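Peer 1: File protein-v9.cif follows (mmCIF, C-alpha atoms (C1' of nucleotides)):
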data_entry
loop_
_atom_site.label_atom_id
_atom_site.label_comp_id
_atom_site.auth_asym_id
_atom_site.auth_seq_id
_atom_site.Cartn_x
_atom_site.Cartn_y
_atom_site.Cartn_z
CA MET A 798 119.41 123.45 107.73
CA LYS A 799 119.53 125.16 111.11
CA LYS A 800 115.93 124.65 112.13
CA THR A 801 115.17 126.17 115.51
CA LYS A 802 118.49 126.98 117.12
CA LYS A 803 117.17 125.72 120.45
CA ILE A 804 120.42 123.91 120.87
CA CYS A 805 122.57 124.10 123.95
CA PRO A 806 126.01 123.90 122.37
CA ASP A 807 127.50 122.43 125.54
CA MET A 808 125.26 119.39 125.35
CA PRO A 809 126.65 116.57 123.24
CA THR A 810 124.20 115.62 120.51
CA CYS A 811 124.84 111.92 120.88
CA SER A 812 127.19 109.48 122.53
CA VAL A 813 129.65 109.59 119.65
CA ASP A 814 129.81 113.34 120.03
CA TYR A 815 130.24 112.96 123.80
CA ALA A 816 133.14 110.55 123.43
CA PHE A 817 134.98 112.60 120.81
CA ARG A 818 134.84 115.66 123.03
CA ARG A 819 136.71 113.76 125.70
CA ILE A 820 139.50 112.35 123.57
CA GLY A 821 139.63 115.03 120.88
CA GLY A 822 142.20 117.77 120.63
CA LYS A 823 145.78 117.58 119.57
CA TYR A 824 147.33 115.61 122.41
CA LYS A 825 144.75 113.67 124.41
CA GLY A 826 144.92 110.49 122.38
CA ARG A 827 148.70 110.35 122.51
CA ILE A 828 148.81 111.07 126.23
CA LEU A 829 146.39 108.26 126.98
CA TRP A 830 148.37 105.95 124.76
CA TYR A 831 151.73 106.76 126.29
CA LEU A 832 150.29 106.37 129.78
CA HIS A 833 149.08 102.94 128.80
CA GLU A 834 152.49 101.99 127.44
CA HIS A 835 154.43 103.17 130.49
CA SER A 836 151.83 102.78 133.29
CA ILE A 837 153.25 105.77 135.19
CA LEU A 838 154.72 108.90 133.72
CA ARG A 839 155.96 112.10 135.28
CA TYR A 840 155.12 115.51 133.90
CA GLY A 841 158.51 116.02 132.33
CA GLU A 842 158.56 112.56 130.82
CA LEU A 843 155.25 113.23 129.11
CA GLY A 844 156.61 116.50 127.80
CA ARG A 845 159.62 114.80 126.29
CA THR A 846 157.46 112.10 124.75
CA LEU A 847 155.30 114.64 122.94
CA PRO A 848 157.89 116.39 120.77
CA ASP A 849 155.68 119.34 119.88
CA VAL A 850 153.89 120.21 123.12
CA THR A 851 154.34 123.37 125.17
CA THR A 852 154.04 123.44 128.95
CA LYS A 853 150.81 125.36 128.67
CA MET A 854 149.13 122.83 126.45
CA LEU A 855 150.52 119.91 128.40
CA THR A 856 149.21 121.23 131.71
CA GLN A 857 145.89 122.25 130.22
CA THR A 858 145.34 118.91 128.53
CA LEU A 859 146.29 116.96 131.63
CA ARG A 860 143.82 118.99 133.70
CA GLU A 861 141.03 118.30 131.26
CA LEU A 862 141.76 114.58 131.26
CA GLU A 863 141.83 114.65 135.05
CA ALA A 864 138.51 116.52 135.24
CA ASP A 865 136.98 113.90 132.95
CA LYS A 866 138.43 111.23 135.27
CA LEU A 867 140.43 109.54 132.54
CA ILE A 868 143.74 110.01 134.33
CA SER A 869 144.74 110.55 137.94
CA ARG A 870 147.38 112.88 139.27
CA LYS A 871 149.56 112.12 142.28
CA VAL A 872 151.63 114.91 143.77
CA TYR A 873 154.70 114.23 145.89
CA HIS A 874 155.33 117.16 148.19
CA GLU A 875 159.09 117.09 148.13
CA VAL A 876 161.92 119.16 146.82
CA PRO A 877 162.22 119.04 143.90
CA PRO A 878 158.51 118.41 143.33
CA LYS A 879 157.35 115.32 141.56
CA VAL A 880 154.02 114.55 139.91
CA GLU A 881 152.98 111.21 138.51
CA TYR A 882 150.16 110.54 136.09
CA THR A 883 148.38 107.24 135.59
CA LEU A 884 145.26 106.02 133.80
CA THR A 885 142.10 105.58 135.84
CA ASP A 886 139.88 102.55 135.34
CA VAL A 887 137.65 104.59 133.07
CA GLY A 888 140.69 105.72 131.11
CA GLN A 889 141.81 102.12 130.77
CA GLU A 890 138.55 101.29 129.07
CA LEU A 891 139.54 103.54 126.18
CA ILE A 892 142.82 101.76 125.51
CA PRO A 893 141.47 98.98 123.26
CA PHE A 894 139.96 101.65 121.06
CA ILE A 895 143.15 103.67 120.85
CA GLU A 896 145.20 100.53 120.29
CA HIS A 897 143.12 99.53 117.28
CA LEU A 898 143.18 103.05 115.99
CA ARG A 899 146.95 103.03 116.26
CA GLN A 900 147.22 99.79 114.30
CA TRP A 901 144.93 101.22 111.63
CA GLY A 902 147.12 104.33 111.45
CA GLU A 903 150.26 102.25 111.04
CA LYS A 904 148.70 100.29 108.21
CA GLN A 905 147.63 103.45 106.41
CA ILE A 906 151.07 105.02 106.78
CA LYS A 907 152.71 101.98 105.23
CA LYS A 908 150.17 101.96 102.44
CA GLU A 909 150.88 105.61 101.68
CA MET A 910 154.60 104.97 101.50
CA VAL A 911 154.08 102.25 98.94
CA GLU A 912 151.89 104.54 96.85
CA GLU A 913 154.44 107.33 96.94
CA ALA A 914 157.02 104.99 95.51
CA SER A 915 154.95 104.86 92.35
CA MET B 932 160.69 121.49 126.34
CA LYS B 933 160.86 122.50 122.71
CA LYS B 934 164.29 121.19 122.00
CA THR B 935 165.30 121.86 118.42
CA LYS B 936 162.19 122.87 116.54
CA LYS B 937 163.30 120.79 113.59
CA ILE B 938 159.76 119.57 113.44
CA CYS B 939 157.66 119.58 110.34
CA PRO B 940 154.26 120.27 111.82
CA ASP B 941 152.52 118.53 108.95
CA MET B 942 154.20 115.25 109.74
CA PRO B 943 152.36 113.14 112.31
CA THR B 944 154.63 112.26 115.19
CA CYS B 945 153.30 108.74 115.50
CA SER B 946 150.51 106.53 114.26
CA VAL B 947 148.15 107.61 117.03
CA ASP B 948 148.70 111.20 115.98
CA TYR B 949 148.14 110.23 112.35
CA ALA B 950 144.85 108.51 113.09
CA PHE B 951 143.48 111.31 115.25
CA ARG B 952 144.15 113.84 112.54
CA ARG B 953 141.87 111.88 110.22
CA ILE B 954 138.93 111.43 112.56
CA GLY B 955 139.34 114.57 114.68
CA GLY B 956 137.31 117.72 114.33
CA LYS B 957 133.77 118.38 115.35
CA TYR B 958 131.83 116.23 112.91
CA LYS B 959 133.99 113.51 111.36
CA GLY B 960 133.26 110.85 113.95
CA ARG B 961 129.52 111.36 113.77
CA ILE B 962 129.49 111.41 109.97
CA LEU B 963 131.33 108.10 109.80
CA TRP B 964 128.99 106.63 112.37
CA TYR B 965 125.80 107.76 110.66
CA LEU B 966 127.09 106.49 107.33
CA HIS B 967 127.65 103.12 108.92
CA GLU B 968 124.13 103.08 110.39
CA HIS B 969 122.40 104.02 107.16
CA SER B 970 124.82 102.66 104.53
CA ILE B 971 123.96 105.45 102.10
CA LEU B 972 123.13 109.04 102.94
CA ARG B 973 122.48 112.07 100.78
CA TYR B 974 123.93 115.46 101.50
CA GLY B 975 120.71 116.87 102.93
CA GLU B 976 120.10 113.79 105.07
CA LEU B 977 123.49 114.16 106.65
CA GLY B 978 122.78 117.81 107.33
CA ARG B 979 119.54 116.97 109.10
CA THR B 980 121.22 114.26 111.12
CA LEU B 981 123.84 116.66 112.46
CA PRO B 982 121.65 119.21 114.22
CA ASP B 983 124.37 121.84 114.57
CA VAL B 984 126.21 121.77 111.26
CA THR B 985 126.28 124.49 108.61
CA THR B 986 126.52 123.81 104.89
CA LYS B 987 130.04 125.14 104.85
CA MET B 988 131.30 122.82 107.56
CA LEU B 989 129.39 119.87 106.18
CA THR B 990 130.83 120.29 102.70
CA GLN B 991 134.31 120.96 104.02
CA THR B 992 134.28 117.94 106.31
CA LEU B 993 132.92 115.65 103.62
CA ARG B 994 135.66 116.78 101.25
CA GLU B 995 138.35 116.06 103.82
CA LEU B 996 136.97 112.61 104.49
CA GLU B 997 136.83 111.98 100.76
CA ALA B 998 140.42 113.14 100.27
CA ASP B 999 141.50 110.74 103.02
CA LYS B 1000 139.54 108.01 101.23
CA LEU B 1001 137.31 107.25 104.19
CA ILE B 1002 134.11 107.98 102.30
CA SER B 1003 133.16 108.03 98.63
CA ARG B 1004 130.95 110.51 96.84
CA LYS B 1005 128.61 109.63 94.01
CA VAL B 1006 127.03 112.39 91.97
CA TYR B 1007 123.82 111.90 89.97
CA HIS B 1008 123.65 114.41 87.17
CA GLU B 1009 119.94 115.03 87.21
CA VAL B 1010 117.50 117.75 88.14
CA PRO B 1011 117.22 118.19 91.03
CA PRO B 1012 120.78 117.08 91.72
CA LYS B 1013 121.49 114.21 94.04
CA VAL B 1014 124.69 113.17 95.79
CA GLU B 1015 125.15 110.04 97.83
CA TYR B 1016 127.86 109.34 100.37
CA THR B 1017 129.02 105.92 101.50
CA LEU B 1018 131.88 104.50 103.53
CA THR B 1019 134.87 103.13 101.67
CA ASP B 1020 136.50 99.88 102.73
CA VAL B 1021 139.12 101.85 104.62
CA GLY B 1022 136.39 103.86 106.31
CA GLN B 1023 134.60 100.65 107.26
CA GLU B 1024 137.69 99.55 109.13
CA LEU B 1025 137.19 102.40 111.56
CA ILE B 1026 133.64 101.43 112.47
CA PRO B 1027 134.40 98.82 115.16
CA PHE B 1028 136.37 101.42 117.02
CA ILE B 1029 133.79 104.13 116.72
CA GLU B 1030 131.19 101.63 117.85
CA HIS B 1031 133.31 100.80 120.87
CA LEU B 1032 133.74 104.47 121.60
CA ARG B 1033 130.01 105.07 121.28
CA GLN B 1034 129.22 102.36 123.80
CA TRP B 1035 131.75 103.80 126.20
CA GLY B 1036 130.17 107.23 125.77
CA GLU B 1037 126.71 105.90 126.50
CA LYS B 1038 127.92 104.23 129.66
CA GLN B 1039 129.57 107.42 130.88
CA ILE B 1040 126.48 109.51 130.18
CA LYS B 1041 124.33 107.14 132.22
CA LYS B 1042 126.89 107.17 135.01
CA GLU B 1043 126.88 110.97 135.07
CA MET B 1044 123.11 111.07 135.32
CA VAL B 1045 123.17 108.80 138.36
CA GLU B 1046 125.78 110.98 140.01
CA GLU B 1047 123.79 114.14 139.38
CA ALA B 1048 120.87 112.61 141.20
CA SER B 1049 122.95 112.68 144.36
"C1'" DC C 119 160.80 120.11 138.63
"C1'" DC C 120 156.31 121.41 137.75
"C1'" DG C 121 153.91 124.32 136.66
"C1'" DC C 122 150.96 129.36 136.07
"C1'" DA C 123 150.41 134.13 133.68
"C1'" DT C 124 150.45 136.75 129.82
"C1'" DC C 125 150.32 137.96 125.26
"C1'" DC C 126 149.48 136.67 120.63
"C1'" DC C 127 148.18 134.37 116.31
"C1'" DA C 128 146.04 131.00 112.89
"C1'" DG C 129 142.58 128.57 111.49
"C1'" DG C 130 138.52 125.94 112.81
"C1'" DC C 131 134.14 127.13 112.85
"C1'" DG C 132 129.79 129.92 112.28
"C1'" DA C 133 126.16 133.13 109.87
"C1'" DT C 134 124.37 134.76 105.86
"C1'" DA C 135 123.64 135.28 101.06
"C1'" DC C 136 123.79 133.46 96.54
"C1'" DT C 137 123.99 129.75 92.34
"C1'" DG C 138 123.61 125.67 88.77
"C1'" DC D 6 119.04 119.82 96.08
"C1'" DA D 7 123.58 120.44 96.86
"C1'" DG D 8 126.45 123.11 97.22
"C1'" DT D 9 129.89 128.32 96.79
"C1'" DA D 10 131.29 132.67 98.44
"C1'" DT D 11 132.26 136.09 102.05
"C1'" DC D 12 132.98 137.77 106.18
"C1'" DG D 13 134.23 137.50 110.84
"C1'" DC D 14 134.46 135.46 115.49
"C1'" DC D 15 136.54 132.96 118.86
"C1'" DT D 16 139.14 129.70 120.94
"C1'" DG D 17 142.64 126.15 120.56
"C1'" DG D 18 147.06 126.48 120.58
"C1'" DG D 19 152.13 128.75 120.53
"C1'" DA D 20 156.06 131.75 122.70
"C1'" DT D 21 157.97 133.62 126.51
"C1'" DG D 22 158.80 134.66 131.21
"C1'" DC D 23 158.05 134.10 136.27
"C1'" DG D 24 157.05 131.50 140.69
"C1'" DG D 25 156.92 127.69 144.58
#
Could you render the structure from this file as structure tokens?

Peer 2:
Amino acid sequence: MKKTKKICPDMPTCSVDYAFRRIGGKYKGRILWYLHEHSILRYGELGRTLPDVTTKMLTQTLRELEADKLISRKVYHEVPPKVEYTLTDVGQELIPFIEHLRQWGEKQIKKEMVEEAS
Amino acid sequence: MKKTKKICPDMPTCSVDYAFRRIGGKYKGRILWYLHEHSILRYGELGRTLPDVTTKMLTQTLRELEADKLISRKVYHEVPPKVEYTLTDVGQELIPFIEHLRQWGEKQIKKEMVEEAS
DNA sequence: CCGCATCCCAGGCGATACTG
DNA sequence: CAGTATCGCCTGGGATGCGG
């Protein structure tokens, strides 16, 4: 199976692989989706929207999305501090995909509930 | 942040979360995509198509996709054995979105190459 | 309010060997 | 050919506490 192991594991093997690395993980999809729904969200608002996230994971995930230029981060140097997150144009391009995925998920959830009531 | 911890971690928090759990992981997206491109693929063909997968991960991932009813598995009881994998109807529904994602990925890769030639 | 630092754990993932 | 079985790493992710 493993033929020559001349593989650089940091290089995506194809464009599907590339894309999934950018939106994979536990929170990235939801963050992009919530940012689309609300246009602008502050750090704390995002944290409250994701009921299971810790500050570490929230910060880490936001930094990764920012490095991949899917979201942008605007800092207000005031007291108390304030940081706003928005989708970039590139991030916007992913929304149709996530929207359809969300609809698919809703359909499957409903289908499962019917089956459980067997 | 963590308010009451009355969270069942196995319950998806929303439909986006639900969907990402089913297509997340390192190989699921690519497997679905390759199955769409080739209609039918045998176990060994899938392994050769994913240059970095081990038999353990391939089998495990295929079983998860089968349990979620995104792919179906057909066993031929012959010698040598033969197993064919295909997309189910539900799995087919995900293809437009993976296709969209793949195109987006291709565009980004090209964009990055231009930037590197700065 | 928005984080960063630290410690820690589970499980996703990998390598290798073996089987019907 | 199409998997199982073991073992073990390693990193994604969680809990807690501090800092500007």

Peer 1: Tell me as number ranges by chain which residues belonging to chain A come within 8 Å of chain B, counting only C-alpha atoms.

Peer 2: A: 798-799, 804, 810, 812-817, 821-824, 826-827, 830, 844-845, 848-852, 890-891, 894-895, 897-903, 906

Peer 1: Tell me, as a list in words, which residues lie within 9 Å of range 122-138 of chain C, counting all atoms listed in the file; anything in the same chain fewer than 5 positions away does not count.

Peer 2: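 That gives Lys853 of chain A; Gly956, Val984, Thr985, Lys987 and Met988 of chain B; DG8, DT9, DA10, DT11, DG13, DC14, DC15, DT16, DG17, DG18, DG19, DA20, DT21, DG22, DC23 and DG24 of chain D.
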
Peer 1: Suppose we keep C-alpha atoms (C1' of nucleotides); can you now write the selection as a compact mmCIF listing (two decimals), keeping the file's coordinate frame?

Peer 2:
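Result written to selection24.txt:
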# COMPACT_ATOMS: atom_id res chain seq x y z
CA LYS A 853 150.81 125.36 128.67
CA GLY B 956 137.31 117.72 114.33
CA VAL B 984 126.21 121.77 111.26
CA THR B 985 126.28 124.49 108.61
CA LYS B 987 130.04 125.14 104.85
CA MET B 988 131.30 122.82 107.56
C1' DG D 8 126.45 123.11 97.22
C1' DT D 9 129.89 128.32 96.79
C1' DA D 10 131.29 132.67 98.44
C1' DT D 11 132.26 136.09 102.05
C1' DG D 13 134.23 137.50 110.84
C1' DC D 14 134.46 135.46 115.49
C1' DC D 15 136.54 132.96 118.86
C1' DT D 16 139.14 129.70 120.94
C1' DG D 17 142.64 126.15 120.56
C1' DG D 18 147.06 126.48 120.58
C1' DG D 19 152.13 128.75 120.53
C1' DA D 20 156.06 131.75 122.70
C1' DT D 21 157.97 133.62 126.51
C1' DG D 22 158.80 134.66 131.21
C1' DC D 23 158.05 134.10 136.27
C1' DG D 24 157.05 131.50 140.69

Peer 1: Name the closest residue to chain C among the candidates B:Glu1046, B:Glu976, B:Glu1009, B:Asp999; distances are taken between atoms, counting all atoms listed in the file.

Peer 2: B:Glu1009

Peer 1: Would you mind listing, as a list in words, all residues of chain C that have at least one atom within 10 Å of chain A, where only C-alpha atoms (C1' of nucleotides) are what counts?

Peer 2: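 The answer, sorted by residue number, is DC119, DC120, DG121 and DC122 of chain C.
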
Peer 1: Between CA of Glu995 in chain B and CA of Glu968 in chain B, what distance in Å does the model show, to one decimal?

Peer 2: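 Between CA of Glu995 in chain B and CA of Glu968 in chain B the gap is 20.3 Å.
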
Peer 1: Given the file above and the PyMOL selection byres ((chain B and resi 1017) around 12), which residues are selected, and can you give them as an NGL selection string?

Peer 2: :B and (962-974 or 977 or 993 or 996-997 or 1000-1006 or 1014-1016 or 1018-1023)
